[in-house]
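Below: the structure, in structure tokens.
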Amino acid sequence: MKRRDFIKRSILLSAGLSAAYCGTKGGEKIKIVILGFDGANWPTIDPLIKEGKLPFLKKFRAESAWANFETIKPTKSNVVWSCIASGKTMLKHGILDFAYLKRNGIKIPYTKSDRREPMIWQILDDYNKRSAVFNWWCSHPPDKIKGVMASDHMRRIAASRPEKHPNFANAVFPEAYFEKFKELALTNNDYLQAVQKTGLPDFDGLFKKLYPGSDIRKAPVIKSYKSFVRHDAYIEAISRYFLENKEFDFFATYFRFPDVIQHFITLFLDKEYKENLKKHLIGRTLTPEMNDEAILKIAHLMEPVYRYMEKILKEFIEIERKKNKNTYFFIMSDHGFSLFHGGYNHYGLPKSMKAPDGFLLINGPKIRPGQIKKAGVYDIAPTILNLFDLPVGKNMDGRVISEIFQFQRKKRYKTYKLGKMNENKRDKNYDEETLKDLKSLGYID
């Protein structure tokens, strides 16, 4: 071999190795873990941290880069989580709302078949990265990736009768994993056991005591609480199993419980206080002091909810760190909540009102701790690609949050396009269950 050719091949080999390793001692391979908690926000977390009720979260934030995570309007979860995973606006990625109308007036939920841009795990797949993705919005049927994926339909198996379980075989890829998913569903399908295991309140029972004579089946959101609890307990179980027992380069899982519970949490405010708050909201006479007082009361009601979130964080981080010291954690929500004349919510806000920030924590061996001045939902995908030393999407709308890294890396760019993995298939059962789910939350009529 000529010396010139040997040098050229050596340079190419070196470049390839640098793409697989990221500024770590001894060239150890990095991993990235995303834990998503819908609706979690600093205004309801901070008072609990100040009162010493979330000690792990307090310590973890002190060791992490963190931010008030800027979101977008419309502040709808499927839209925003698609922005997070793609790094692009909704006009680019194609998920524009919860549902749309066909010509005959039938509502159809937005699904994976409506995506126009690749998600981060699809991009990583092109670089032979193994991914594990669970319960992400608009992910059914699951993408055929190197690794494992359970779509946002899979969680419903936890609240389904065993004879219905075969209907969920198409919610996991590879389908060879379905038996394990089914096994975990059979041990995570009891509501009271899930309440005990998670530490979440029995809001179903509390509602019946607080509102005797009221039909919970007619109460928005809380009427489906039993199912939501079983869903998230199940997502915790399958996520934990794969985190403990399988190896991946990229791991992402998503939980709904902070958001779902905040949609009905004001039901459990003191009756007299709640009526007075409602009067001021409708009359638009709520002062900043009254707003802060209400948020503090909501934070106290949310304490067991955030304790469960903290438990997941602590245990998942400990599991992963025992296996790999070079794992980077991205902990985030898609939005917060605001008090306005329509109540306590995150969508349907007045045009003049800013979409309420979510929360963001980034932690890893070479992360600078401290508050990030500006970070938003478009920034996660490009930051992850840069952390893997891969080209950032040329038409991504976010930026690399490079100031948090204790190293410098030249940014490279590439245009990523959606490949054949995005089969344009619809699942009638998924569509029906998704519409039922959205109606229970009051997202659609």
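Labels for the structure tokens follow display order: chains A, B, ..., residues from 1 in each chain, ligands from 1.
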
Exercise. Give me the residues within 10 Å of Ile157 in chain A as a list of chain:residue names, counting only C-alpha atoms and dropping any in the same chain fewer than 3 places off.
Key: A:His153, A:Met154, A:Ser160, A:Arg161, A:Pro162, A:Lys164, A:His165, A:Pro166, A:Asn167, A:Phe168, A:Ala169, A:Ala171, A:Phe181, A:Lys182, A:Leu184, A:Ala185, A:Leu186, A:Asn188, A:Asn189, A:Arg230, A:His231, A:Tyr234

Residues from last step as file, C-alpha atoms, as a PDB file, in the first residue's frame:
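What follows is the written file again_0.pdb:
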```
ATOM      1  CA  HIS A 153     -51.099   2.399  21.289  1.00  0.00           C
ATOM      2  CA  MET A 154     -49.201  -0.196  23.347  1.00  0.00           C
ATOM      3  CA  SER A 160     -57.622  -4.135  28.295  1.00  0.00           C
ATOM      4  CA  ARG A 161     -58.991  -7.593  28.979  1.00  0.00           C
ATOM      5  CA  PRO A 162     -56.558 -10.478  28.253  1.00  0.00           C
ATOM      6  CA  LYS A 164     -58.037  -8.323  23.648  1.00  0.00           C
ATOM      7  CA  HIS A 165     -54.256  -8.504  24.038  1.00  0.00           C
ATOM      8  CA  PRO A 166     -53.548 -10.042  20.595  1.00  0.00           C
ATOM      9  CA  ASN A 167     -54.929  -6.820  19.051  1.00  0.00           C
ATOM     10  CA  PHE A 168     -51.810  -5.018  20.291  1.00  0.00           C
ATOM     11  CA  ALA A 169     -49.225  -7.228  18.587  1.00  0.00           C
ATOM     12  CA  ALA A 171     -47.942  -1.933  18.462  1.00  0.00           C
ATOM     13  CA  PHE A 181     -44.880  -6.823  26.539  1.00  0.00           C
ATOM     14  CA  LYS A 182     -47.968  -8.994  27.067  1.00  0.00           C
ATOM     15  CA  LEU A 184     -45.749  -7.209  31.691  1.00  0.00           C
ATOM     16  CA  ALA A 185     -49.310  -6.113  30.897  1.00  0.00           C
ATOM     17  CA  LEU A 186     -50.765  -9.003  32.900  1.00  0.00           C
ATOM     18  CA  ASN A 188     -49.613  -4.170  35.620  1.00  0.00           C
ATOM     19  CA  ASN A 189     -53.345  -4.091  34.954  1.00  0.00           C
ATOM     20  CA  ARG A 230     -52.607   1.769  34.645  1.00  0.00           C
ATOM     21  CA  HIS A 231     -51.181   3.079  31.371  1.00  0.00           C
ATOM     22  CA  TYR A 234     -47.264  -0.122  32.535  1.00  0.00           C
TER      23      TYR A 234
END
```

Go through range 138-208 of chain A and flag each residue having an atom no more than 9 Å from range 300-320 of chain A; for those, report the closest pair of atoms plus their distance in Å to one decimal, using only C-alpha atoms, ordered by chain and rising number, as JSON lines.
```
{"residue": "A:Thr198", "atom": "CA", "partner": "A:Tyr308", "partner_atom": "CA", "distance": 6.0}
{"residue": "A:Gly199", "atom": "CA", "partner": "A:Tyr308", "partner_atom": "CA", "distance": 6.2}
{"residue": "A:Leu200", "atom": "CA", "partner": "A:Val305", "partner_atom": "CA", "distance": 5.8}
{"residue": "A:Pro201", "atom": "CA", "partner": "A:Pro304", "partner_atom": "CA", "distance": 7.0}
```

Practice problem: Write down as number ranges by chain the residues of range 277-367 of chain A whose backbone DSSP state falls under alpha helix (DSSP H). | Solution: A: 277-283, 288-301, 303-323

Quiz prompt | Which of range 326-439 of chain A fall in strand (DSSP E), as a ChimeraX atom specification | solution = /A:327-332,338-340,343-345,358-363,370-371,375-376,392-393,413-414

Exercise. Could you give me, as a list of chain:residue names, the residues within 8 Å of Gly342 in chain A, counting only C-alpha atoms and dropping anything in the same chain fewer than 5 positions from it?
Key: A:Leu281, A:Ile282, A:Gly348, A:Leu349

Self-check item: Who sits within 12 Å of range 323-325 of chain A, only C-alpha atoms, same chain under 6 positions skipped, as JSON, numbers by chain
Solution: {"A": [24, 25, 28, 29, 30, 31, 32, 33, 243, 244, 245, 246, 247, 248, 249, 316, 317, 363, 364, 365, 366]}

Pull N, CA and C atoms from the residues just selected and write them as a tab-separated table (two decimals), in the first residue's frame.
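Saved to part-v6.tsv:
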```tsv
chain	number	residue	atom	x	y	z
A	24	THR	N	-15.15	11.62	25.59
A	24	THR	CA	-15.07	10.91	26.84
A	24	THR	C	-13.71	10.28	27.00
A	25	LYS	N	-13.28	10.11	28.23
A	25	LYS	CA	-11.98	9.54	28.51
A	25	LYS	C	-11.92	8.10	28.02
A	28	GLU	N	-14.71	6.01	25.39
A	28	GLU	CA	-15.88	5.20	25.71
A	28	GLU	C	-17.11	5.71	24.97
A	29	LYS	N	-17.91	4.79	24.52
A	29	LYS	CA	-19.10	5.12	23.76
A	29	LYS	C	-20.16	5.76	24.65
A	30	ILE	N	-20.80	6.80	24.14
A	30	ILE	CA	-21.83	7.45	24.94
A	30	ILE	C	-23.22	6.88	24.65
A	31	LYS	N	-24.14	7.15	25.57
A	31	LYS	CA	-25.55	6.81	25.40
A	31	LYS	C	-26.37	8.05	25.75
A	32	ILE	N	-27.56	8.10	25.22
A	32	ILE	CA	-28.47	9.21	25.54
A	32	ILE	C	-29.81	8.63	25.97
A	33	VAL	N	-30.32	9.14	27.09
A	33	VAL	CA	-31.61	8.71	27.63
A	33	VAL	C	-32.52	9.93	27.74
A	243	LEU	N	-34.50	-0.98	29.98
A	243	LEU	CA	-33.34	-0.24	30.47
A	243	LEU	C	-32.40	-1.15	31.26
A	244	GLU	N	-32.98	-2.05	32.03
A	244	GLU	CA	-32.17	-2.96	32.85
A	244	GLU	C	-31.54	-4.08	32.04
A	245	ASN	N	-32.23	-4.57	31.03
A	245	ASN	CA	-31.84	-5.84	30.40
A	245	ASN	C	-31.30	-5.75	28.98
A	246	LYS	N	-31.43	-4.61	28.33
A	246	LYS	CA	-30.98	-4.49	26.94
A	246	LYS	C	-30.03	-3.31	26.80
A	247	GLU	N	-29.26	-3.34	25.75
A	247	GLU	CA	-28.29	-2.27	25.49
A	247	GLU	C	-28.74	-1.44	24.28
A	248	PHE	N	-28.70	-0.13	24.46
A	248	PHE	CA	-29.10	0.79	23.39
A	248	PHE	C	-28.19	2.00	23.39
A	249	ASP	N	-28.10	2.64	22.23
A	249	ASP	CA	-27.38	3.92	22.13
A	249	ASP	C	-28.30	5.08	22.52
A	316	PHE	N	-34.33	5.17	37.46
A	316	PHE	CA	-33.86	4.97	36.09
A	316	PHE	C	-32.42	5.47	35.93
A	317	ILE	N	-32.12	6.60	36.53
A	317	ILE	CA	-30.75	7.14	36.44
A	317	ILE	C	-29.77	6.21	37.14
A	363	ASN	N	-28.12	16.29	31.86
A	363	ASN	CA	-27.09	15.86	32.79
A	363	ASN	C	-26.20	14.83	32.13
A	364	GLY	N	-24.91	14.90	32.40
A	364	GLY	CA	-23.97	13.94	31.83
A	364	GLY	C	-22.56	14.26	32.25
A	365	PRO	N	-21.61	13.41	31.87
A	365	PRO	CA	-20.23	13.56	32.35
A	365	PRO	C	-19.54	14.84	31.92
A	366	LYS	N	-19.94	15.43	30.81
A	366	LYS	CA	-19.28	16.66	30.34
A	366	LYS	C	-20.31	17.76	30.10
```

Which residues of range 20-73 of chain A have any atom within 12 Å of an atom in range 398-404 of chain A when counting only C-alpha atoms, and what is the closest pair of atoms for each, with the distance in Å to one decimal? Order the rows by chain and rising number and write it as a tab-separated table.
```
residue	atom	partner	partner_atom	distance
A:Glu63	CA	A:Ile404	CA	11.8
A:Ser64	CA	A:Ile404	CA	9.2
A:Ala65	CA	A:Ile404	CA	6.5
A:Trp66	CA	A:Ile404	CA	9.4
A:Ala67	CA	A:Ile401	CA	11.1
A:Glu70	CA	A:Gly398	CA	11.4
A:Thr71	CA	A:Gly398	CA	11.8
```

Exercise. Go through A:Ile34, A:Ala355, A:Leu339, A:Ala176 one by one, measure the shortest atom-to-atom distance of each to Ala252 in chain A using only C-alpha atoms, and give the residue with the smallest value.
Key: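 The answer is A:Ile34, which sits nearest to Ala252 in chain A.
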
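Take the candidates A:Thr415, A:Ser139, A:Gln371, A:Gln262 and check each one against Arg61 in chain A using only C-alpha atoms; the shortest distance goes to A:Gln371.
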
Quiz prompt | Shortest interatomic distance to Ala219 in chain A - which of A:His346, A:Lys439, A:Arg412, A:Lys354, counting only C-alpha atoms | solution = A:Lys439

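For the choices A:Phe359, A:Lys88, A:Ala132, A:Ile145, the atom-to-atom distance to Arg240 in chain A is smallest for A:Ala132 when using only C-alpha atoms.
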